[in-house]
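Heads up, the thing below is written out as structure tokens.
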Amino acid sequence: MTSRERVQAAFEHREPDRTPLWEKLIKSPVADEVLGRPCAATNFHYRMERLADGDWEGLMRQAARDEVDLCKILGFDLIRLYECGTPPEGRPVRIDENTWDFGSYRQELLTSGWVRYYTPGVSPASAEQREIELRRLLAEPYAEPAPPDDRTFTLLREARRIIAEEDLDLPIFCACYSMGVATLPTTVLMWFLSERDLLAEMYRRNALNGLSRGRRLVAEGADIIALGGDLASDHGPMCSPADYRDFIAPGLATQSRALHEMGVRTTNASDGDLWPILNHFLRTAEVDGYEEIDFAAGMDMKRLRTEYPEKTMIGNVDIRHTLTSGTVEQVREHTIRCIEDGWGNGGHILMSGNCIHENVPTSLFMAHIEAYRDYFGLN
């Protein structure tokens with residue numbers, strides 16, 4: 001089977017020759033070490049230096065090359081591509097080892113690996129200020145989002161050119177998360193109790209905005225569109241099952257139906273313990289699959305395959321414990337267990353529970369890849 005045929009079998013619930021393999025994001029330094037060079041897609045210092053040289057277009061072309069090469073080196077069956085934004089107005093200037101000045105704002109690489117964006121001397125908007133602004137926007141008539149700047153698809157288009165040129169049969173995965181809960185300001189979270197009509201209107205507009213973006217990504221070549229957004233922790237969802245059913249799932253269903261009409265697959269995404277809302281998360285939302293399956297939060301693959309046999313499960317490799325602090329043998333055992341628990345008439349794509357982040361040692365990530373290759377006799 002080609003990669004596309006393998007992924008199609010997973011979504012159509014036909015037995016593939018082997019479980020499709022994928023990661024939707026590999027951060028530096030792992031990406032750097034796999035490539036044998038700084039990864040233009042994820043290496044903060046490399047990106048800043050290229051931008052300081054005024055080479056935004058070259059950086060985007062290299063990022064596309066690196067995303068494709070990661071898939072080739074690791075034998076992935078999918079590729080995640082994304083909007084890359086537009087060039088900065090000016091060249092950044094280094095302030096210190098981890099901070100760059102863009103004139104009107106700064107970017108700072110934090111010890112956690114996250115990048116902080118801020119304006120010097122200006123305090124971030126408070127939760128109360130953000131709520132006031134959101135109320136103002138929701139009081140205005142809804143307007144379809146303006147078409148994005150064409151340059152924001154530079155990376156995606158370059159990656160597609162490379163894929164076609166090298167005759168790689170890689171399905172393209174793009175995300176347009178717009179229906180999360182965990183990212184809401186605390187004051188807006190209170191709307192679940194106090195402003196339910198306003199909350200409903202916010203999620204209605206979020207669904208329309210996300211769908212507009214999803215349609216554009218399909219026009220740019222996406223085969224799978226990821227919907228949803230973070231909404232849970234190890235302690236469960238941040239809203240009740242009834243509120244998820246009433247406020248969030250209908251918008252997801254609207255998005256999913258429209259994207260299905262365009263001939264693409266859809267997934268719903270969140271890590272954390274989703275068991276209390278999973279029926280609405282998968283069935284009421286009318287999506288084809290579930291990504292970011294969080295092993296450490298108790299999302300058991302065997303149970304998922306039993307209770308939702310018609311859905312495609314994407315993930316379940318533990319990146320909180322096993323791939324960060326386990327042994328090579330523990331990683332191998334865990335990978336094989338995940339493959340075997342997910343096997344049967346398609347329905348599973350092997351991936352981590354979220355991404356290969358900064359705290360995953362390259363040696364353990366590669367032990368996971370090697371375990372997969374050994375299991376299916378690819379070495």
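Residue numbers start at 1 in each chain; chains themselves are named A, B, ... in the order of the structure tokens; ligands are numbered from 1 in the order shown.
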### Task
Excluding A:Leu350 and any residue of its chain fewer than 5 positions from it, enumerate the residues within 7 Å of it, using only C-alpha atoms, and give them as a count of residues only.
7
Mind running stretch 212-309 of chain A against stretch 317-320 of chain A at 8 Å and telling me each contacting residue's nearest atom pair with the distance in Å (one decimal), counting only C-alpha atoms, chain and number ascending, as a tab-separated table?
residue	atom	partner	partner_atom	distance
A:Asp294	CA	A:Asp318	CA	7.0
A:Phe295	CA	A:Asp318	CA	5.5
A:Ala296	CA	A:Asp318	CA	6.4
With all heavy atoms retained, export the selected residues as a compact mmCIF listing (two decimals), in the first residue's frame.
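Saved result, part-v6.txt, follows:
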# COMPACT_ATOMS: atom_id res chain seq x y z
N ASP A 294 -5.01 10.75 24.82
CA ASP A 294 -4.10 10.94 25.95
C ASP A 294 -4.03 9.69 26.83
O ASP A 294 -4.87 9.47 27.70
CB ASP A 294 -4.58 12.16 26.76
CG ASP A 294 -3.55 12.68 27.73
OD1 ASP A 294 -2.62 11.93 28.07
OD2 ASP A 294 -3.68 13.84 28.16
N PHE A 295 -3.01 8.89 26.60
CA PHE A 295 -2.82 7.65 27.36
C PHE A 295 -2.74 7.92 28.85
O PHE A 295 -3.35 7.23 29.66
CB PHE A 295 -1.54 6.96 26.87
CG PHE A 295 -1.20 5.69 27.59
CD1 PHE A 295 -1.70 4.47 27.15
CD2 PHE A 295 -0.36 5.71 28.70
CE1 PHE A 295 -1.40 3.29 27.82
CE2 PHE A 295 -0.04 4.53 29.37
CZ PHE A 295 -0.56 3.33 28.93
N ALA A 296 -1.97 8.95 29.24
CA ALA A 296 -1.75 9.23 30.66
C ALA A 296 -3.02 9.69 31.36
O ALA A 296 -3.13 9.59 32.59
CB ALA A 296 -0.65 10.28 30.83
Q | helix (DSSP H, G or I) residues, from DSSP on the backbone, in stretch 42-275 of chain A, as a PyMOL selection string | A | chain A and resi 44-52+56-74+127-139+150-165+186-189+191-194+196-219+241-261+275
Checklist entry - Of the candidates A:Val30, A:Asp17, A:Ile248, A:Ser212, which one gets nearest to A:Asn359 if we count only C-alpha atoms? => result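 Of the candidates, the smallest distance to A:Asn359 is held by A:Val30.
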* To do: Quick one: everything within 8 Å of stretch 168-177 of chain A, counting only C-alpha atoms, minus sequence neighbours fewer than 6 positions away in the same chain. Send it as an NGL selection string.
  => :A and (2-4 or 7 or 77-82 or 210-211 or 213-214 or 217 or 221-229)
10 Å contact set for A:Arg157, only C-alpha atoms, chain neighbours under 2 positions out, as a ChimeraX atom specification:
/A:61,64,81-83,151-155,159-163,220-221
Can those selected residues be exported to a file as a PDB file, in the first residue's frame so that it contains C-alpha atoms?
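The resulting out-v9.pdb:
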ATOM      1  CA  ARG A  61      10.825  27.231   1.595  1.00  0.00           C
ATOM      2  CA  ALA A  64       8.542  23.170   3.854  1.00  0.00           C
ATOM      3  CA  LEU A  81       0.966  21.498   6.831  1.00  0.00           C
ATOM      4  CA  TYR A  82      -0.211  24.898   7.997  1.00  0.00           C
ATOM      5  CA  GLU A  83      -0.522  28.606   7.314  1.00  0.00           C
ATOM      6  CA  ARG A 151       1.446  34.728   1.371  1.00  0.00           C
ATOM      7  CA  THR A 152       0.184  32.810   4.391  1.00  0.00           C
ATOM      8  CA  PHE A 153       0.038  29.691   2.182  1.00  0.00           C
ATOM      9  CA  THR A 154       3.671  29.950   1.045  1.00  0.00           C
ATOM     10  CA  LEU A 155       4.900  27.017   3.151  1.00  0.00           C
ATOM     11  CA  ALA A 159       5.559  21.555   0.513  1.00  0.00           C
ATOM     12  CA  ARG A 160       2.912  20.433  -1.974  1.00  0.00           C
ATOM     13  CA  ARG A 161       5.285  21.252  -4.828  1.00  0.00           C
ATOM     14  CA  ILE A 162       8.021  19.114  -3.249  1.00  0.00           C
ATOM     15  CA  ILE A 163       5.583  16.263  -2.587  1.00  0.00           C
ATOM     16  CA  GLU A 220      -5.091  24.513  -0.747  1.00  0.00           C
ATOM     17  CA  GLY A 221      -4.939  20.713  -0.829  1.00  0.00           C
TER      18      GLY A 221
END
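Residue nearest A:Val181, chosen from A:Leu138, A:Ala269, A:Ala258, A:Met299 and counting only C-alpha atoms: A:Ala269.
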Q: Kindly indicate which residue among A:Arg205, A:Arg283, A:His348, A:Arg337 lies nearest to A:Arg18, using only C-alpha atoms for the distances.
A: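 Among the listed residues, the smallest separation from A:Arg18 belongs to A:His348.
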Could you tell me how far atom CA of A:Ser126 lies from atom CA of A:Gly103, in Å and to one decimal?
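So the answer is 23.0 Å.
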#### Entry: Contacts of A:Ala31 at 10 Å (only C-alpha atoms; same-chain gap of 3+ positions) as a list of chain:residue names
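So the residues in contact are A:Leu25, A:Ile26, A:Lys27, A:Ser28, A:Val34, A:Leu35, A:Gly36, A:Arg37, A:Pro38, A:Cys39, A:Ala40, A:Ala41, A:Thr42, A:Asn43, A:Asp66, A:Glu67, A:Leu70, A:Ile356, A:His357, A:Glu358, A:Thr362.
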What lies within 12 Å of A:Asn316 using only C-alpha atoms, ignoring chain neighbours under 6 positions off, as a PyMOL selection string?
chain A and resi 22-23+270-272+290-302+304-305+322-323+334-342+348-355
